[in-house]
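File shown: my_file02.pdb. Contents: PDB, C-alpha atoms.
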ATOM      1  CA  MET A 160       0.000   0.000   0.000  1.00  0.00           C
ATOM      2  CA  GLU A 161       2.913   2.336   0.739  1.00  0.00           C
ATOM      3  CA  GLN A 162       4.193   1.870  -2.816  1.00  0.00           C
ATOM      4  CA  PHE A 163       0.717   2.589  -4.173  1.00  0.00           C
ATOM      5  CA  LEU A 164       0.439   5.825  -2.169  1.00  0.00           C
ATOM      6  CA  SER A 165       3.910   6.864  -3.297  1.00  0.00           C
ATOM      7  CA  LYS A 166       2.905   6.282  -6.909  1.00  0.00           C
ATOM      8  CA  LEU A 167      -0.252   8.356  -6.439  1.00  0.00           C
ATOM      9  CA  SER A 168       1.897  11.186  -5.137  1.00  0.00           C
ATOM     10  CA  ASP A 169       4.443  10.886  -7.959  1.00  0.00           C
ATOM     11  CA  LEU A 170       1.670  10.963 -10.580  1.00  0.00           C
ATOM     12  CA  LYS A 171      -0.050  13.882  -8.784  1.00  0.00           C
ATOM     13  CA  ILE A 172      -3.339  11.973  -8.606  1.00  0.00           C
ATOM     14  CA  ARG A 173      -5.839  13.648  -6.289  1.00  0.00           C
ATOM     15  CA  VAL A 174      -7.724  11.275  -3.960  1.00  0.00           C
ATOM     16  CA  VAL A 175     -11.327  12.171  -3.146  1.00  0.00           C
ATOM     17  CA  LEU A 176     -13.780  10.528  -0.778  1.00  0.00           C
ATOM     18  CA  ALA A 177     -17.259  11.056  -2.193  1.00  0.00           C
ATOM     19  CA  SER A 178     -18.842  11.342   1.236  1.00  0.00           C
ATOM     20  CA  ALA A 179     -18.920  13.721   4.184  1.00  0.00           C
ATOM     21  CA  SER A 180     -19.706  10.909   6.650  1.00  0.00           C
ATOM     22  CA  PRO A 181     -17.409  11.302   9.677  1.00  0.00           C
ATOM     23  CA  ARG A 182     -17.340   7.529  10.013  1.00  0.00           C
ATOM     24  CA  ARG A 183     -16.130   6.988   6.449  1.00  0.00           C
ATOM     25  CA  VAL A 184     -13.601   9.802   6.747  1.00  0.00           C
ATOM     26  CA  GLU A 185     -12.116   8.211   9.866  1.00  0.00           C
ATOM     27  CA  LEU A 186     -12.052   4.749   8.293  1.00  0.00           C
ATOM     28  CA  LEU A 187     -10.405   5.841   5.053  1.00  0.00           C
ATOM     29  CA  ARG A 188      -7.657   7.613   6.999  1.00  0.00           C
ATOM     30  CA  LYS A 189      -6.608   4.192   8.253  1.00  0.00           C
ATOM     31  CA  ILE A 190      -5.284   3.371   4.777  1.00  0.00           C
ATOM     32  CA  ILE A 191      -4.928   6.756   3.019  1.00  0.00           C
ATOM     33  CA  PRO A 192      -3.650   9.598   5.251  1.00  0.00           C
ATOM     34  CA  CYS A 193      -4.380  12.486   2.888  1.00  0.00           C
ATOM     35  CA  PHE A 194      -7.467  12.951   0.726  1.00  0.00           C
ATOM     36  CA  ASP A 195     -10.157  15.485  -0.070  1.00  0.00           C
ATOM     37  CA  ILE A 196     -13.785  15.193   1.020  1.00  0.00           C
ATOM     38  CA  LEU A 197     -16.673  15.925  -1.328  1.00  0.00           C
ATOM     39  CA  PRO A 198     -20.235  15.684   0.025  1.00  0.00           C
ATOM     40  CA  CYS A 199     -22.415  14.102  -2.655  1.00  0.00           C
ATOM     41  CA  ASN A 200     -25.948  15.408  -3.067  1.00  0.00           C
ATOM     42  CA  VAL A 201     -27.194  12.257  -4.763  1.00  0.00           C
ATOM     43  CA  ASP A 202     -30.524  10.650  -3.955  1.00  0.00           C
ATOM     44  CA  GLU A 203     -29.969   6.996  -3.088  1.00  0.00           C
ATOM     45  CA  LEU A 204     -31.978   4.604  -5.229  1.00  0.00           C
ATOM     46  CA  ASP A 205     -34.396   2.075  -3.779  1.00  0.00           C
ATOM     47  CA  ASP A 206     -35.217  -0.003  -6.844  1.00  0.00           C
ATOM     48  CA  PRO A 207     -37.018  -3.317  -6.175  1.00  0.00           C
ATOM     49  CA  VAL A 208     -35.978  -4.582  -9.611  1.00  0.00           C
ATOM     50  CA  LEU A 209     -32.305  -4.593  -8.569  1.00  0.00           C
ATOM     51  CA  SER A 210     -30.712  -7.161  -6.293  1.00  0.00           C
ATOM     52  CA  LEU A 211     -29.265  -5.680  -3.105  1.00  0.00           C
ATOM     53  CA  ASP A 212     -25.732  -6.206  -4.484  1.00  0.00           C
ATOM     54  CA  GLN A 213     -26.665  -4.295  -7.633  1.00  0.00           C
ATOM     55  CA  LEU A 214     -28.417  -1.598  -5.621  1.00  0.00           C
ATOM     56  CA  VAL A 215     -25.482  -0.713  -3.358  1.00  0.00           C
ATOM     57  CA  GLN A 216     -23.040  -0.816  -6.259  1.00  0.00           C
ATOM     58  CA  LYS A 217     -25.245   1.426  -8.375  1.00  0.00           C
ATOM     59  CA  ASN A 218     -25.648   3.937  -5.552  1.00  0.00           C
ATOM     60  CA  ALA A 219     -21.888   3.943  -4.964  1.00  0.00           C
ATOM     61  CA  PHE A 220     -21.288   4.511  -8.680  1.00  0.00           C
ATOM     62  CA  ARG A 221     -23.776   7.403  -8.749  1.00  0.00           C
ATOM     63  CA  LYS A 222     -21.847   9.084  -5.947  1.00  0.00           C
ATOM     64  CA  ALA A 223     -18.505   8.514  -7.669  1.00  0.00           C
ATOM     65  CA  ASN A 224     -19.876   9.809 -10.961  1.00  0.00           C
ATOM     66  CA  TYR A 225     -21.270  12.904  -9.222  1.00  0.00           C
ATOM     67  CA  ALA A 226     -17.792  13.601  -7.850  1.00  0.00           C
ATOM     68  CA  ARG A 227     -16.204  13.066 -11.273  1.00  0.00           C
ATOM     69  CA  GLU A 228     -18.614  15.440 -13.013  1.00  0.00           C
ATOM     70  CA  THR A 229     -18.339  18.031 -10.250  1.00  0.00           C
ATOM     71  CA  LEU A 230     -14.540  18.130 -10.120  1.00  0.00           C
ATOM     72  CA  ARG A 231     -13.781  17.540 -13.816  1.00  0.00           C
ATOM     73  CA  LEU A 232     -10.118  16.758 -13.163  1.00  0.00           C
ATOM     74  CA  ASP A 233      -7.976  14.403 -15.213  1.00  0.00           C
ATOM     75  CA  ARG A 234      -5.802  12.916 -12.475  1.00  0.00           C
ATOM     76  CA  LEU A 235      -8.285  11.726  -9.917  1.00  0.00           C
ATOM     77  CA  LEU A 236      -9.057   8.722  -7.718  1.00  0.00           C
ATOM     78  CA  ILE A 237     -12.593   8.743  -6.306  1.00  0.00           C
ATOM     79  CA  ILE A 238     -13.738   6.420  -3.528  1.00  0.00           C
ATOM     80  CA  ALA A 239     -17.491   6.136  -2.930  1.00  0.00           C
ATOM     81  CA  ALA A 240     -19.647   3.752  -0.932  1.00  0.00           C
ATOM     82  CA  ASP A 241     -23.240   2.931  -0.076  1.00  0.00           C
ATOM     83  CA  THR A 242     -24.223   0.791   2.911  1.00  0.00           C
ATOM     84  CA  ILE A 243     -27.499  -0.991   3.607  1.00  0.00           C
ATOM     85  CA  VAL A 244     -28.806  -3.546   6.077  1.00  0.00           C
ATOM     86  CA  ARG A 245     -30.601  -6.720   4.963  1.00  0.00           C
ATOM     87  CA  SER A 246     -33.110  -7.999   7.488  1.00  0.00           C
ATOM     88  CA  PRO A 247     -33.341 -11.700   8.444  1.00  0.00           C
ATOM     89  CA  GLU A 248     -36.295 -11.907   6.032  1.00  0.00           C
ATOM     90  CA  GLY A 249     -34.232 -10.398   3.200  1.00  0.00           C
ATOM     91  CA  ASP A 250     -35.810  -6.935   3.262  1.00  0.00           C
ATOM     92  CA  LEU A 251     -33.853  -3.721   2.748  1.00  0.00           C
ATOM     93  CA  LEU A 252     -33.485  -1.589   5.863  1.00  0.00           C
ATOM     94  CA  GLY A 253     -32.193   1.820   4.837  1.00  0.00           C
ATOM     95  CA  LYS A 254     -32.052   5.002   6.872  1.00  0.00           C
ATOM     96  CA  PRO A 255     -35.163   5.315   9.063  1.00  0.00           C
ATOM     97  CA  LYS A 256     -37.389   8.296   8.402  1.00  0.00           C
ATOM     98  CA  ASN A 257     -38.610   8.689  11.971  1.00  0.00           C
ATOM     99  CA  PHE A 258     -38.685   7.224  15.482  1.00  0.00           C
ATOM    100  CA  GLU A 259     -41.384   4.701  14.636  1.00  0.00           C
ATOM    101  CA  GLN A 260     -39.483   3.302  11.676  1.00  0.00           C
ATOM    102  CA  ALA A 261     -36.239   3.123  13.663  1.00  0.00           C
ATOM    103  CA  LEU A 262     -38.076   1.213  16.388  1.00  0.00           C
ATOM    104  CA  ALA A 263     -39.560  -1.167  13.826  1.00  0.00           C
ATOM    105  CA  TYR A 264     -36.136  -1.791  12.240  1.00  0.00           C
ATOM    106  CA  LEU A 265     -34.375  -2.581  15.505  1.00  0.00           C
ATOM    107  CA  THR A 266     -37.273  -4.719  16.711  1.00  0.00           C
ATOM    108  CA  THR A 267     -36.962  -6.711  13.481  1.00  0.00           C
ATOM    109  CA  LEU A 268     -33.229  -7.233  14.109  1.00  0.00           C
ATOM    110  CA  SER A 269     -33.644  -8.147  17.787  1.00  0.00           C
ATOM    111  CA  GLY A 270     -32.410 -11.644  18.584  1.00  0.00           C
ATOM    112  CA  LYS A 271     -31.551 -12.426  14.964  1.00  0.00           C
ATOM    113  CA  LYS A 272     -28.741 -12.416  12.429  1.00  0.00           C
ATOM    114  CA  HIS A 273     -28.735  -9.825   9.672  1.00  0.00           C
ATOM    115  CA  TYR A 274     -26.342  -8.684   6.988  1.00  0.00           C
ATOM    116  CA  VAL A 275     -24.648  -5.363   6.298  1.00  0.00           C
ATOM    117  CA  LEU A 276     -23.764  -4.785   2.640  1.00  0.00           C
ATOM    118  CA  SER A 277     -21.531  -2.025   1.337  1.00  0.00           C
ATOM    119  CA  GLY A 278     -21.222  -1.280  -2.354  1.00  0.00           C
ATOM    120  CA  VAL A 279     -17.942   0.419  -3.224  1.00  0.00           C
ATOM    121  CA  ALA A 280     -16.911   2.312  -6.345  1.00  0.00           C
ATOM    122  CA  LEU A 281     -13.261   3.052  -7.087  1.00  0.00           C
ATOM    123  CA  LEU A 282     -13.003   5.397 -10.056  1.00  0.00           C
ATOM    124  CA  LEU A 283      -9.567   6.297 -11.399  1.00  0.00           C
ATOM    125  CA  LYS A 284      -9.110   8.993 -14.063  1.00  0.00           C
ATOM    126  CA  GLN A 285      -5.658   9.296 -15.557  1.00  0.00           C
ATOM    127  CA  ASP A 286      -4.555  10.732 -18.913  1.00  0.00           C
ATOM    128  CA  ASN A 287      -8.122  10.698 -20.290  1.00  0.00           C
ATOM    129  CA  HIS A 288      -8.467   7.032 -19.359  1.00  0.00           C
ATOM    130  CA  THR A 289     -10.979   5.826 -16.751  1.00  0.00           C
ATOM    131  CA  ILE A 290     -10.846   2.648 -14.670  1.00  0.00           C
ATOM    132  CA  LEU A 291     -13.927   1.707 -12.644  1.00  0.00           C
ATOM    133  CA  GLU A 292     -13.904  -1.004  -9.990  1.00  0.00           C
ATOM    134  CA  LEU A 293     -17.215  -1.972  -8.345  1.00  0.00           C
ATOM    135  CA  PHE A 294     -17.623  -4.543  -5.585  1.00  0.00           C
ATOM    136  CA  THR A 295     -19.811  -5.482  -2.625  1.00  0.00           C
ATOM    137  CA  GLU A 296     -18.690  -6.448   0.866  1.00  0.00           C
ATOM    138  CA  SER A 297     -21.013  -8.348   3.226  1.00  0.00           C
ATOM    139  CA  SER A 298     -20.752  -8.823   7.002  1.00  0.00           C
ATOM    140  CA  GLU A 299     -22.988 -10.855   9.309  1.00  0.00           C
ATOM    141  CA  VAL A 300     -24.208  -9.170  12.490  1.00  0.00           C
ATOM    142  CA  TYR A 301     -26.050 -10.905  15.316  1.00  0.00           C
ATOM    143  CA  PHE A 302     -27.998  -8.968  17.961  1.00  0.00           C
ATOM    144  CA  HIS A 303     -29.062 -10.234  21.375  1.00  0.00           C
ATOM    145  CA  GLN A 304     -32.765 -10.268  22.183  1.00  0.00           C
ATOM    146  CA  LEU A 305     -33.503  -6.615  22.948  1.00  0.00           C
ATOM    147  CA  ALA A 306     -36.084  -5.138  25.280  1.00  0.00           C
ATOM    148  CA  THR A 307     -38.311  -2.501  23.706  1.00  0.00           C
ATOM    149  CA  SER A 308     -37.309  -0.046  26.427  1.00  0.00           C
ATOM    150  CA  SER A 309     -33.623  -0.526  25.565  1.00  0.00           C
ATOM    151  CA  ILE A 310     -34.301   0.092  21.872  1.00  0.00           C
ATOM    152  CA  GLU A 311     -36.315   3.226  22.623  1.00  0.00           C
ATOM    153  CA  SER A 312     -33.598   4.542  24.947  1.00  0.00           C
ATOM    154  CA  TYR A 313     -30.956   3.991  22.255  1.00  0.00           C
ATOM    155  CA  ILE A 314     -33.000   5.806  19.592  1.00  0.00           C
ATOM    156  CA  HIS A 315     -33.723   8.769  21.879  1.00  0.00           C
ATOM    157  CA  LYS A 316     -30.052   9.110  22.830  1.00  0.00           C
ATOM    158  CA  TYR A 317     -28.331   8.572  19.471  1.00  0.00           C
ATOM    159  CA  ARG A 318     -31.053   9.507  16.939  1.00  0.00           C
ATOM    160  CA  PRO A 319     -29.732   7.050  14.323  1.00  0.00           C
ATOM    161  CA  TYR A 320     -31.782   8.465  11.448  1.00  0.00           C
ATOM    162  CA  ASP A 321     -28.720   8.842   9.204  1.00  0.00           C
ATOM    163  CA  LYS A 322     -27.686   5.198   9.590  1.00  0.00           C
ATOM    164  CA  ALA A 323     -28.814   2.169   7.617  1.00  0.00           C
ATOM    165  CA  GLY A 324     -30.733  -0.245   9.797  1.00  0.00           C
ATOM    166  CA  ALA A 325     -31.196   2.468  12.451  1.00  0.00           C
ATOM    167  CA  TYR A 326     -27.957   1.814  14.300  1.00  0.00           C
ATOM    168  CA  GLY A 327     -24.258   2.618  14.375  1.00  0.00           C
ATOM    169  CA  ILE A 328     -22.347  -0.409  15.608  1.00  0.00           C
ATOM    170  CA  GLN A 329     -19.653   1.704  17.251  1.00  0.00           C
ATOM    171  CA  GLU A 330     -22.190   3.377  19.543  1.00  0.00           C
ATOM    172  CA  LEU A 331     -24.359   0.386  20.515  1.00  0.00           C
ATOM    173  CA  PRO A 332     -24.902  -0.001  24.267  1.00  0.00           C
ATOM    174  CA  GLN A 333     -23.506  -3.033  26.050  1.00  0.00           C
ATOM    175  CA  GLY A 334     -25.800  -6.013  25.595  1.00  0.00           C
ATOM    176  CA  PHE A 335     -26.955  -5.176  22.052  1.00  0.00           C
ATOM    177  CA  LEU A 336     -24.285  -6.881  19.975  1.00  0.00           C
ATOM    178  CA  LYS A 337     -23.775 -10.638  20.129  1.00  0.00           C
ATOM    179  CA  SER A 338     -21.287 -11.198  17.296  1.00  0.00           C
ATOM    180  CA  VAL A 339     -19.898  -9.962  13.978  1.00  0.00           C
ATOM    181  CA  LYS A 340     -18.588 -12.186  11.204  1.00  0.00           C
ATOM    182  CA  GLY A 341     -16.622 -10.427   8.499  1.00  0.00           C
ATOM    183  CA  SER A 342     -15.321  -6.882   8.333  1.00  0.00           C
ATOM    184  CA  LEU A 343     -16.257  -4.669  11.278  1.00  0.00           C
ATOM    185  CA  ASP A 344     -15.165  -1.620   9.256  1.00  0.00           C
ATOM    186  CA  ASN A 345     -17.713  -2.641   6.647  1.00  0.00           C
ATOM    187  CA  VAL A 346     -20.472  -2.569   9.268  1.00  0.00           C
ATOM    188  CA  ILE A 347     -19.348   0.912  10.311  1.00  0.00           C
ATOM    189  CA  GLY A 348     -19.539   2.049   6.693  1.00  0.00           C
ATOM    190  CA  LEU A 349     -16.386   1.385   4.649  1.00  0.00           C
ATOM    191  CA  PRO A 350     -14.680  -2.008   4.075  1.00  0.00           C
ATOM    192  CA  THR A 351     -11.107  -0.765   4.395  1.00  0.00           C
ATOM    193  CA  GLU A 352      -9.508  -4.204   4.072  1.00  0.00           C
ATOM    194  CA  SER A 353     -11.038  -4.883   0.653  1.00  0.00           C
ATOM    195  CA  ILE A 354     -10.460  -1.311  -0.512  1.00  0.00           C
ATOM    196  CA  ARG A 355      -6.781  -1.618   0.404  1.00  0.00           C
ATOM    197  CA  PHE A 356      -6.503  -4.801  -1.668  1.00  0.00           C
ATOM    198  CA  LYS A 357      -8.462  -3.467  -4.649  1.00  0.00           C
ATOM    199  CA  LEU A 358      -6.415  -0.260  -4.770  1.00  0.00           C
ATOM    200  CA  SER A 359      -3.173  -2.229  -4.750  1.00  0.00           C
ATOM    201  CA  THR A 360      -4.314  -3.987  -7.956  1.00  0.00           C
ATOM    202  CA  LEU A 361      -5.165  -0.796  -9.875  1.00  0.00           C
ATOM    203  CA  ASN A 362      -2.926  -0.195 -12.857  1.00  0.00           C
ATOM    204  CA  LEU A 363      -1.430   3.261 -12.314  1.00  0.00           C
TER     205      LEU A 363
END

Kindly return the structure encoded in the file as structure tokens.
Amino acid sequence: MEQFLSKLSDLKIRVVLASASPRRVELLRKIIPCFDILPCNVDELDDPVLSLDQLVQKNAFRKANYARETLRLDRLLIIAADTIVRSPEGDLLGKPKNFEQALAYLTTLSGKKHYVLSGVALLLKQDNHTILELFTESSEVYFHQLATSSIESYIHKYRPYDKAGAYGIQELPQGFLKSVKGSLDNVIGLPTESIRFKLSTLNL
């Protein structure tokens, strides 16, 4: 990864995270110390025709493409992501619109396994040539059986309306989380391990 970052610097390629999420900013800094942040005003799709893998990848691509069209630079590496939660029944749990929906989401996840999927887009522009890498990372999360009062207390305290599935794993109270299989960073919002590997394979 150090060689890759050195090459980026030598080629004067600007790295941009297509997100203003503090969680994604913090995660990306684990593998790339210096990058720019571009908030993306892109409506996230919720298309029942698409599989969940296709959905998160398409949303990530839309964010990356927004950044590309906004910046219009030739030497550019854009990193974008979209994260969703799949319920035990296979339903999409996005960002809750209100308290009632957040309560319904967390009640659905109580005592069960669910999956967190992140679609990632890596878009490299160099010398009028574009390379696009799309992939999906999946992690399994298992919650303990949760009391309704505990769920309500969590929602009132943390107001998780900007988080898929109505929770942020890093802020869950003791007794919520039973286990995680797969990337914890992915559950937080950015699968840094896979991004590190994918970047190392890009042809600069």

**Report entry** Protein, DNA and RNA residues within 12 Å of (-23.0, 8.9, -11.1), all atoms listed in the file, as a ChimeraX atom specification
**Finding:** /A:177,199-204,216-229,237,239-240,280,282,291

Report task. Give the answer as one residue: which of A:Val275, A:Ile347, A:Leu262, A:Leu331 has the shortest atom-to-atom distance to A:Ile310, using only C-alpha atoms? Result -> A:Leu262

Query raised in the report: In Å to one decimal, how far is atom CA of A:Ser277 from atom CA of A:Glu296?
Result: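 Atom CA of A:Ser277 lies at a distance of 5.3 Å from atom CA of A:Glu296.
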
Query raised in the report: Given the file above and the PyMOL selection byres ((chain A and resi 361) around 12), which residues are selected, and can you give them as JSON, numbers by chain?
Result: {"A": [160, 163, 164, 166, 167, 236, 281, 282, 283, 284, 285, 289, 290, 291, 292, 354, 355, 356, 357, 358, 359, 360, 362, 363]}

Report summary line: Of A:Val184, A:Leu336, A:Leu235, A:Val300, the one sitting nearest A:Gly348 when using all atoms listed in the file is A:Val184

Query - Reference answer for the PyMOL selection byres ((chain A and resi 319) around 10), as a PyMOL selection string - result: chain A and resi 254-258+261+313-318+320-327+330

Expected file: the selected residues, C-alpha atoms, as an mmCIF file, in the coordinates of the input:
data_model
loop_
_atom_site.group_PDB
_atom_site.id
_atom_site.type_symbol
_atom_site.label_atom_id
_atom_site.label_comp_id
_atom_site.auth_asym_id
_atom_site.auth_seq_id
_atom_site.Cartn_x
_atom_site.Cartn_y
_atom_site.Cartn_z
ATOM 1 C CA LYS A 254 -32.052 5.002 6.872
ATOM 2 C CA PRO A 255 -35.163 5.315 9.063
ATOM 3 C CA LYS A 256 -37.389 8.296 8.402
ATOM 4 C CA ASN A 257 -38.610 8.689 11.971
ATOM 5 C CA PHE A 258 -38.685 7.224 15.482
ATOM 6 C CA ALA A 261 -36.239 3.123 13.663
ATOM 7 C CA TYR A 313 -30.956 3.991 22.255
ATOM 8 C CA ILE A 314 -33.000 5.806 19.592
ATOM 9 C CA HIS A 315 -33.723 8.769 21.879
ATOM 10 C CA LYS A 316 -30.052 9.110 22.830
ATOM 11 C CA TYR A 317 -28.331 8.572 19.471
ATOM 12 C CA ARG A 318 -31.053 9.507 16.939
ATOM 13 C CA TYR A 320 -31.782 8.465 11.448
ATOM 14 C CA ASP A 321 -28.720 8.842 9.204
ATOM 15 C CA LYS A 322 -27.686 5.198 9.590
ATOM 16 C CA ALA A 323 -28.814 2.169 7.617
ATOM 17 C CA GLY A 324 -30.733 -0.245 9.797
ATOM 18 C CA ALA A 325 -31.196 2.468 12.451
ATOM 19 C CA TYR A 326 -27.957 1.814 14.300
ATOM 20 C CA GLY A 327 -24.258 2.618 14.375
ATOM 21 C CA GLU A 330 -22.190 3.377 19.543
#

Requested in this report: Starting from the point (-18.5, -6.1, 8.7), work out which residues of protein, DNA or RNA have an atom no more than 12 Å away when counting only C-alpha atoms; state them as a count of residues only.
Outcome: 34

Report task. For each of A:Ile196, A:Leu265, A:Leu293, A:Leu211, take the minimum atom-to-atom distance to A:Arg173, counting only C-alpha atoms, then give the residue where this is smallest. Result -> A:Ile196

Query raised in the report: What is the atom CA of A:Arg231-atom CA of A:Pro198 distance in Å, reported with one decimal?
Result: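 Atom CA of A:Pro198 lies at a distance of 15.4 Å from atom CA of A:Arg231.
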
Query raised in the report: atom CA of A:Gly270 and atom CA of A:Thr307, how far apart in Å?
Result: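 Taking atom CA of A:Thr307 and atom CA of A:Gly270, their separation equals 12.0 Å.
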
Could you work out an axis-aligned box for stretch 243-259 of chain A, taking every atom the file lists and adding 5 Å on each side, and report centre and edge lengths in Å to one decimal, as JSON?
{"center_x": -34.4, "center_y": -1.6, "center_z": 9.1, "size_x": 23.9, "size_y": 30.6, "size_z": 22.7}

Query raised in the report: From the set A:Gly249, A:Asp206, A:Asn287, A:Phe302, which residue has the shortest atom-to-atom contact distance to A:Lys271, counting all atoms listed in the file?
Result: A:Phe302

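Of the listed residues A:Ser312, A:Ser210, A:Ser178, A:Ser168, the one whose atoms come nearest to A:Ile238 is A:Ser178, with distances taken using all atoms listed in the file.
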